[in-house]
Structure formats: C-alpha cells, structure tokens
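For reference, the structure is listed below as structure tokens.
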Amino acid sequence: MLLWEALGSALLGLALSATAARVLARRLPSVRVVLVSGVLGAMFGAYLTHFALGPGHNTLTATFLGGLLVSAVVLSLLLRTGSGPRRPSRRPPFSLPSRG
C-alpha cells in the first residue's frame, strides 16, 4: 500500500507541476526546478499525511489529497511577481526630516 501511495503522489505532483510550468511559465524558475519541487512536495505531503493519520486510518484518497496540497504549497513558494507594466509610485522616497 505504501508503494502505491508513493507512486501515486509522485505522479500527481508531476502532473500538477507540469501544468503549473506550462500555465505560469513566465512567473516560475526553470522547468526542471518546478518539476522536481512538485514531485518532492507531493511525496513529502503524502508521507506527512500518512504519518498524521496513523495506523488503521490510512486511506489512499486522503494521502493523495495531502500530497497534492503540499505540492501546491511548494509550487506557490516558487512564484515570482509578474513582469507586466508597473505604475510609478506616487509616494516620495524615504528621506530624513530636516532640522531647520
């Protein structure tokens, strides 16, 4: 059962990271980093969920869901800000108060 959980969560993490790399290509680092992070995040999430549920309560669906959620969190940490047109700030730059 543990082998199916590991393989299934790795495949779900790979699918999620490949989708993210395709859709958000401009805001993510290299594809290799995204794919590895997605798979490792999903496998860690599956392990964490398996450990948290304890013996006798391990369901495949819950383990996959936990792996998918942790993988999504890991991938969200890789996102950079968009490189679209930015408006200039109207705030004045930081300056010290003058005495006089």
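Order determines the names: the first chain of the structure tokens is A, the second B, and so forth; residues in each chain are numbered 1 upward, and ligands are numbered 1 upward as they are shown.
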
Spatial neighbours of range 17-26 of chain A, 7 Å, only C-alpha atoms, chain gap at least 6 places, as a PyMOL selection string: chain A and resi 34-35+38

Residues near Ser37 in chain A, cut-off 8 Å, only C-alpha atoms, skip fewer than 6 positions along chain, as a PyMOL selection string: chain A and resi 17+71+74-75

Could you write out that same residue set with all heavy atoms as a PDB file, in the first residue's frame?
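Result file follows (part_30.pdb):
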```pdb
ATOM      1  N   SER A  17       2.841  19.917 -11.261  1.00  0.00           N
ATOM      2  CA  SER A  17       3.972  20.789 -11.573  1.00  0.00           C
ATOM      3  C   SER A  17       4.121  21.002 -13.075  1.00  0.00           C
ATOM      4  O   SER A  17       4.508  22.090 -13.516  1.00  0.00           O
ATOM      5  CB  SER A  17       5.258  20.228 -10.971  1.00  0.00           C
ATOM      6  OG  SER A  17       5.526  18.940 -11.458  1.00  0.00           O
ATOM      7  N   SER A  71       2.169  19.792  -2.350  1.00  0.00           N
ATOM      8  CA  SER A  71       2.825  20.100  -3.616  1.00  0.00           C
ATOM      9  C   SER A  71       2.393  21.464  -4.138  1.00  0.00           C
ATOM     10  O   SER A  71       3.218  22.235  -4.646  1.00  0.00           O
ATOM     11  CB  SER A  71       2.496  19.020  -4.652  1.00  0.00           C
ATOM     12  OG  SER A  71       3.085  19.309  -5.880  1.00  0.00           O
ATOM     13  N   VAL A  74       4.214  24.116  -2.111  1.00  0.00           N
ATOM     14  CA  VAL A  74       5.617  24.224  -2.512  1.00  0.00           C
ATOM     15  C   VAL A  74       5.739  24.969  -3.836  1.00  0.00           C
ATOM     16  O   VAL A  74       6.601  25.833  -4.005  1.00  0.00           O
ATOM     17  CB  VAL A  74       6.266  22.826  -2.590  1.00  0.00           C
ATOM     18  CG1 VAL A  74       7.618  22.871  -3.260  1.00  0.00           C
ATOM     19  CG2 VAL A  74       6.395  22.231  -1.205  1.00  0.00           C
ATOM     20  N   LEU A  75       4.871  24.668  -4.774  1.00  0.00           N
ATOM     21  CA  LEU A  75       4.917  25.357  -6.060  1.00  0.00           C
ATOM     22  C   LEU A  75       4.543  26.826  -5.922  1.00  0.00           C
ATOM     23  O   LEU A  75       5.076  27.673  -6.639  1.00  0.00           O
ATOM     24  CB  LEU A  75       3.998  24.668  -7.064  1.00  0.00           C
ATOM     25  CG  LEU A  75       4.479  23.296  -7.542  1.00  0.00           C
ATOM     26  CD1 LEU A  75       3.422  22.648  -8.422  1.00  0.00           C
ATOM     27  CD2 LEU A  75       5.789  23.400  -8.251  1.00  0.00           C
TER      28      LEU A  75
END
```

All residues 10 Å or closer to range 53-60 of chain A, only C-alpha atoms, same chain fewer than 3 positions away omitted, as a list of chain:residue names: A:Met1, A:Leu2, A:Trp4, A:Glu5, A:Gly8, A:Ser9, A:Ala46, A:Leu48, A:Thr49, A:His50, A:Thr63, A:Phe64, A:Leu65, A:Gly66

Atom pair CA of Ala10 in chain A / CA of Leu78 in chain A: separation (Å): 18.4 Å

Among the residues of range 23-56 of chain A, find those DSSP assigns to helix (DSSP H, G or I) from the backbone and print them as a PDB file with all heavy atoms, in the first residue's frame.
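Once everything was written out, this is out-v3.pdb:
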```
ATOM      1  N   VAL A  23       1.371  26.675 -17.583  1.00  0.00           N
ATOM      2  CA  VAL A  23       0.477  27.821 -17.456  1.00  0.00           C
ATOM      3  C   VAL A  23       1.210  29.062 -16.937  1.00  0.00           C
ATOM      4  O   VAL A  23       0.978  30.164 -17.423  1.00  0.00           O
ATOM      5  CB  VAL A  23      -0.709  27.459 -16.526  1.00  0.00           C
ATOM      6  CG1 VAL A  23      -1.564  28.669 -16.228  1.00  0.00           C
ATOM      7  CG2 VAL A  23      -1.540  26.359 -17.148  1.00  0.00           C
ATOM      8  N   VAL A  31      12.076  24.877 -15.670  1.00  0.00           N
ATOM      9  CA  VAL A  31      11.109  23.774 -15.658  1.00  0.00           C
ATOM     10  C   VAL A  31      11.617  22.620 -14.800  1.00  0.00           C
ATOM     11  O   VAL A  31      10.846  21.975 -14.082  1.00  0.00           O
ATOM     12  CB  VAL A  31      10.826  23.303 -17.107  1.00  0.00           C
ATOM     13  CG1 VAL A  31       9.903  22.107 -17.116  1.00  0.00           C
ATOM     14  CG2 VAL A  31      10.227  24.434 -17.909  1.00  0.00           C
ATOM     15  N   ARG A  32      12.895  22.372 -14.832  1.00  0.00           N
ATOM     16  CA  ARG A  32      13.472  21.272 -14.048  1.00  0.00           C
ATOM     17  C   ARG A  32      13.251  21.495 -12.560  1.00  0.00           C
ATOM     18  O   ARG A  32      12.878  20.573 -11.825  1.00  0.00           O
ATOM     19  CB  ARG A  32      14.959  21.147 -14.348  1.00  0.00           C
ATOM     20  CG  ARG A  32      15.610  19.991 -13.632  1.00  0.00           C
ATOM     21  CD  ARG A  32      17.050  19.859 -14.005  1.00  0.00           C
ATOM     22  NE  ARG A  32      17.150  19.558 -15.424  1.00  0.00           N
ATOM     23  CZ  ARG A  32      18.252  19.699 -16.127  1.00  0.00           C
ATOM     24  NH1 ARG A  32      19.339  20.163 -15.567  1.00  0.00           N
ATOM     25  NH2 ARG A  32      18.277  19.390 -17.398  1.00  0.00           N
ATOM     26  N   VAL A  33      13.461  22.715 -12.094  1.00  0.00           N
ATOM     27  CA  VAL A  33      13.250  23.038 -10.679  1.00  0.00           C
ATOM     28  C   VAL A  33      11.781  22.871 -10.305  1.00  0.00           C
ATOM     29  O   VAL A  33      11.453  22.338  -9.246  1.00  0.00           O
ATOM     30  CB  VAL A  33      13.737  24.474 -10.382  1.00  0.00           C
ATOM     31  CG1 VAL A  33      13.329  24.918  -8.992  1.00  0.00           C
ATOM     32  CG2 VAL A  33      15.228  24.577 -10.554  1.00  0.00           C
ATOM     33  N   VAL A  34      10.899  23.295 -11.172  1.00  0.00           N
ATOM     34  CA  VAL A  34       9.464  23.199 -10.905  1.00  0.00           C
ATOM     35  C   VAL A  34       9.026  21.736 -10.829  1.00  0.00           C
ATOM     36  O   VAL A  34       8.292  21.342  -9.918  1.00  0.00           O
ATOM     37  CB  VAL A  34       8.663  23.964 -11.977  1.00  0.00           C
ATOM     38  CG1 VAL A  34       7.173  23.730 -11.825  1.00  0.00           C
ATOM     39  CG2 VAL A  34       8.963  25.447 -11.906  1.00  0.00           C
ATOM     40  N   LEU A  35       9.482  20.917 -11.771  1.00  0.00           N
ATOM     41  CA  LEU A  35       9.087  19.507 -11.769  1.00  0.00           C
ATOM     42  C   LEU A  35       9.606  18.771 -10.542  1.00  0.00           C
ATOM     43  O   LEU A  35       8.874  18.011  -9.900  1.00  0.00           O
ATOM     44  CB  LEU A  35       9.574  18.828 -13.052  1.00  0.00           C
ATOM     45  CG  LEU A  35       8.916  19.287 -14.354  1.00  0.00           C
ATOM     46  CD1 LEU A  35       9.550  18.580 -15.546  1.00  0.00           C
ATOM     47  CD2 LEU A  35       7.433  19.057 -14.328  1.00  0.00           C
ATOM     48  N   VAL A  36      10.858  18.989 -10.204  1.00  0.00           N
ATOM     49  CA  VAL A  36      11.430  18.310  -9.037  1.00  0.00           C
ATOM     50  C   VAL A  36      10.749  18.779  -7.755  1.00  0.00           C
ATOM     51  O   VAL A  36      10.431  17.962  -6.875  1.00  0.00           O
ATOM     52  CB  VAL A  36      12.958  18.540  -8.979  1.00  0.00           C
ATOM     53  CG1 VAL A  36      13.535  18.074  -7.661  1.00  0.00           C
ATOM     54  CG2 VAL A  36      13.638  17.822 -10.125  1.00  0.00           C
ATOM     55  N   SER A  37      10.496  20.070  -7.641  1.00  0.00           N
ATOM     56  CA  SER A  37       9.842  20.595  -6.442  1.00  0.00           C
ATOM     57  C   SER A  37       8.422  20.060  -6.300  1.00  0.00           C
ATOM     58  O   SER A  37       7.983  19.739  -5.193  1.00  0.00           O
ATOM     59  CB  SER A  37       9.795  22.117  -6.486  1.00  0.00           C
ATOM     60  OG  SER A  37      11.084  22.646  -6.512  1.00  0.00           O
ATOM     61  N   GLY A  38       7.704  19.952  -7.411  1.00  0.00           N
ATOM     62  CA  GLY A  38       6.347  19.425  -7.355  1.00  0.00           C
ATOM     63  C   GLY A  38       6.292  17.975  -6.925  1.00  0.00           C
ATOM     64  O   GLY A  38       5.476  17.584  -6.085  1.00  0.00           O
ATOM     65  N   VAL A  39       7.187  17.164  -7.470  1.00  0.00           N
ATOM     66  CA  VAL A  39       7.211  15.733  -7.119  1.00  0.00           C
ATOM     67  C   VAL A  39       7.640  15.539  -5.670  1.00  0.00           C
ATOM     68  O   VAL A  39       7.018  14.789  -4.913  1.00  0.00           O
ATOM     69  CB  VAL A  39       8.128  14.961  -8.088  1.00  0.00           C
ATOM     70  CG1 VAL A  39       8.356  13.551  -7.603  1.00  0.00           C
ATOM     71  CG2 VAL A  39       7.527  14.949  -9.478  1.00  0.00           C
ATOM     72  N   LEU A  40       8.715  16.228  -5.257  1.00  0.00           N
ATOM     73  CA  LEU A  40       9.180  16.068  -3.879  1.00  0.00           C
ATOM     74  C   LEU A  40       8.174  16.615  -2.870  1.00  0.00           C
ATOM     75  O   LEU A  40       7.989  16.041  -1.795  1.00  0.00           O
ATOM     76  CB  LEU A  40      10.537  16.748  -3.706  1.00  0.00           C
ATOM     77  CG  LEU A  40      11.701  16.070  -4.410  1.00  0.00           C
ATOM     78  CD1 LEU A  40      12.979  16.851  -4.195  1.00  0.00           C
ATOM     79  CD2 LEU A  40      11.864  14.641  -3.946  1.00  0.00           C
ATOM     80  N   GLY A  41       7.505  17.703  -3.217  1.00  0.00           N
ATOM     81  CA  GLY A  41       6.468  18.235  -2.336  1.00  0.00           C
ATOM     82  C   GLY A  41       5.308  17.272  -2.180  1.00  0.00           C
ATOM     83  O   GLY A  41       4.777  17.098  -1.081  1.00  0.00           O
ATOM     84  N   ALA A  42       4.921  16.640  -3.266  1.00  0.00           N
ATOM     85  CA  ALA A  42       3.814  15.678  -3.199  1.00  0.00           C
ATOM     86  C   ALA A  42       4.202  14.439  -2.399  1.00  0.00           C
ATOM     87  O   ALA A  42       3.393  13.934  -1.613  1.00  0.00           O
ATOM     88  CB  ALA A  42       3.386  15.283  -4.601  1.00  0.00           C
ATOM     89  N   MET A  43       5.414  13.984  -2.568  1.00  0.00           N
ATOM     90  CA  MET A  43       5.836  12.805  -1.808  1.00  0.00           C
ATOM     91  C   MET A  43       5.970  13.117  -0.324  1.00  0.00           C
ATOM     92  O   MET A  43       5.597  12.309   0.525  1.00  0.00           O
ATOM     93  CB  MET A  43       7.139  12.263  -2.379  1.00  0.00           C
ATOM     94  CG  MET A  43       6.943  11.633  -3.751  1.00  0.00           C
ATOM     95  SD  MET A  43       8.426  10.917  -4.420  1.00  0.00           S
ATOM     96  CE  MET A  43       8.620   9.511  -3.371  1.00  0.00           C
ATOM     97  N   PHE A  44       6.490  14.298   0.001  1.00  0.00           N
ATOM     98  CA  PHE A  44       6.564  14.692   1.407  1.00  0.00           C
ATOM     99  C   PHE A  44       5.169  14.870   1.990  1.00  0.00           C
ATOM    100  O   PHE A  44       4.912  14.489   3.139  1.00  0.00           O
ATOM    101  CB  PHE A  44       7.383  15.972   1.566  1.00  0.00           C
ATOM    102  CG  PHE A  44       7.430  16.456   2.976  1.00  0.00           C
ATOM    103  CD1 PHE A  44       8.157  15.772   3.933  1.00  0.00           C
ATOM    104  CD2 PHE A  44       6.722  17.584   3.357  1.00  0.00           C
ATOM    105  CE1 PHE A  44       8.194  16.210   5.240  1.00  0.00           C
ATOM    106  CE2 PHE A  44       6.750  18.029   4.656  1.00  0.00           C
ATOM    107  CZ  PHE A  44       7.497  17.343   5.609  1.00  0.00           C
ATOM    108  N   GLY A  45       4.261  15.452   1.220  1.00  0.00           N
ATOM    109  CA  GLY A  45       2.893  15.624   1.695  1.00  0.00           C
ATOM    110  C   GLY A  45       2.188  14.299   1.924  1.00  0.00           C
ATOM    111  O   GLY A  45       1.434  14.143   2.886  1.00  0.00           O
ATOM    112  N   ALA A  46       2.443  13.327   1.058  1.00  0.00           N
ATOM    113  CA  ALA A  46       1.852  12.002   1.238  1.00  0.00           C
ATOM    114  C   ALA A  46       2.418  11.330   2.490  1.00  0.00           C
ATOM    115  O   ALA A  46       1.680  10.717   3.268  1.00  0.00           O
ATOM    116  CB  ALA A  46       2.117  11.136   0.012  1.00  0.00           C
ATOM    117  N   TYR A  47       3.720  11.480   2.701  1.00  0.00           N
ATOM    118  CA  TYR A  47       4.333  10.907   3.905  1.00  0.00           C
ATOM    119  C   TYR A  47       3.780  11.573   5.157  1.00  0.00           C
ATOM    120  O   TYR A  47       3.455  10.911   6.136  1.00  0.00           O
ATOM    121  CB  TYR A  47       5.850  11.064   3.840  1.00  0.00           C
ATOM    122  CG  TYR A  47       6.542  10.723   5.130  1.00  0.00           C
ATOM    123  CD1 TYR A  47       6.668   9.403   5.539  1.00  0.00           C
ATOM    124  CD2 TYR A  47       7.035  11.711   5.956  1.00  0.00           C
ATOM    125  CE1 TYR A  47       7.281   9.076   6.732  1.00  0.00           C
ATOM    126  CE2 TYR A  47       7.645  11.408   7.151  1.00  0.00           C
ATOM    127  CZ  TYR A  47       7.774  10.085   7.534  1.00  0.00           C
ATOM    128  OH  TYR A  47       8.374   9.782   8.720  1.00  0.00           O
ATOM    129  N   LEU A  48       3.663  12.887   5.113  1.00  0.00           N
ATOM    130  CA  LEU A  48       3.152  13.636   6.256  1.00  0.00           C
ATOM    131  C   LEU A  48       1.705  13.258   6.561  1.00  0.00           C
ATOM    132  O   LEU A  48       1.333  13.062   7.727  1.00  0.00           O
ATOM    133  CB  LEU A  48       3.261  15.135   5.971  1.00  0.00           C
ATOM    134  CG  LEU A  48       3.009  16.094   7.099  1.00  0.00           C
ATOM    135  CD1 LEU A  48       4.084  15.944   8.157  1.00  0.00           C
ATOM    136  CD2 LEU A  48       3.002  17.502   6.563  1.00  0.00           C
ATOM    137  N   THR A  49       0.899  13.125   5.533  1.00  0.00           N
ATOM    138  CA  THR A  49      -0.495  12.731   5.729  1.00  0.00           C
ATOM    139  C   THR A  49      -0.590  11.300   6.248  1.00  0.00           C
ATOM    140  O   THR A  49      -1.389  11.007   7.152  1.00  0.00           O
ATOM    141  CB  THR A  49      -1.274  12.858   4.407  1.00  0.00           C
ATOM    142  OG1 THR A  49      -1.106  14.172   3.901  1.00  0.00           O
ATOM    143  CG2 THR A  49      -2.741  12.577   4.606  1.00  0.00           C
ATOM    144  N   HIS A  50       0.218  10.417   5.704  1.00  0.00           N
ATOM    145  CA  HIS A  50       0.241   9.021   6.151  1.00  0.00           C
ATOM    146  C   HIS A  50       0.618   8.951   7.633  1.00  0.00           C
ATOM    147  O   HIS A  50       0.025   8.208   8.400  1.00  0.00           O
ATOM    148  CB  HIS A  50       1.231   8.232   5.299  1.00  0.00           C
ATOM    149  CG  HIS A  50       1.298   6.783   5.626  1.00  0.00           C
ATOM    150  ND1 HIS A  50       0.426   5.865   5.088  1.00  0.00           N
ATOM    151  CD2 HIS A  50       2.119   6.075   6.421  1.00  0.00           C
ATOM    152  CE1 HIS A  50       0.719   4.668   5.549  1.00  0.00           C
ATOM    153  NE2 HIS A  50       1.748   4.774   6.369  1.00  0.00           N
ATOM    154  N   PHE A  51       1.616   9.743   8.019  1.00  0.00           N
ATOM    155  CA  PHE A  51       2.069   9.758   9.407  1.00  0.00           C
ATOM    156  C   PHE A  51       1.028  10.394  10.324  1.00  0.00           C
ATOM    157  O   PHE A  51       0.808   9.941  11.441  1.00  0.00           O
ATOM    158  CB  PHE A  51       3.397  10.514   9.503  1.00  0.00           C
ATOM    159  CG  PHE A  51       3.991  10.533  10.872  1.00  0.00           C
ATOM    160  CD1 PHE A  51       4.585   9.405  11.397  1.00  0.00           C
ATOM    161  CD2 PHE A  51       3.950  11.683  11.636  1.00  0.00           C
ATOM    162  CE1 PHE A  51       5.143   9.414  12.664  1.00  0.00           C
ATOM    163  CE2 PHE A  51       4.495  11.718  12.903  1.00  0.00           C
ATOM    164  CZ  PHE A  51       5.093  10.574  13.418  1.00  0.00           C
ATOM    165  N   ALA A  52       0.369  11.453   9.865  1.00  0.00           N
ATOM    166  CA  ALA A  52      -0.606  12.157  10.697  1.00  0.00           C
ATOM    167  C   ALA A  52      -1.874  11.328  10.924  1.00  0.00           C
ATOM    168  O   ALA A  52      -2.473  11.404  11.998  1.00  0.00           O
ATOM    169  CB  ALA A  52      -0.971  13.493  10.064  1.00  0.00           C
ATOM    170  N   LEU A  53      -2.278  10.564   9.928  1.00  0.00           N
ATOM    171  CA  LEU A  53      -3.496   9.759  10.085  1.00  0.00           C
ATOM    172  C   LEU A  53      -3.279   8.580  11.011  1.00  0.00           C
ATOM    173  O   LEU A  53      -4.206   8.132  11.677  1.00  0.00           O
ATOM    174  CB  LEU A  53      -3.989   9.274   8.725  1.00  0.00           C
ATOM    175  CG  LEU A  53      -4.556  10.347   7.805  1.00  0.00           C
ATOM    176  CD1 LEU A  53      -4.919   9.736   6.470  1.00  0.00           C
ATOM    177  CD2 LEU A  53      -5.738  11.034   8.426  1.00  0.00           C
TER     178      LEU A  53
END
```

Gap from CA of Leu12 in chain A to CA of Leu68 in chain A - Å, one decimal: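 Separation between CA of Leu12 in chain A and CA of Leu68 in chain A: 6.7 Å.
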
Residue nearest Thr81 in chain A among A:Leu69, A:Leu28, A:Leu11, A:Leu3 (counting only C-alpha atoms): A:Leu28

Straight-line distance linking CA of Leu79 in chain A with CA of Gly13 in chain A, stated in Å to one decimal: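 Atom-to-atom, CA of Leu79 in chain A to CA of Gly13 in chain A, that is 16.4 Å.
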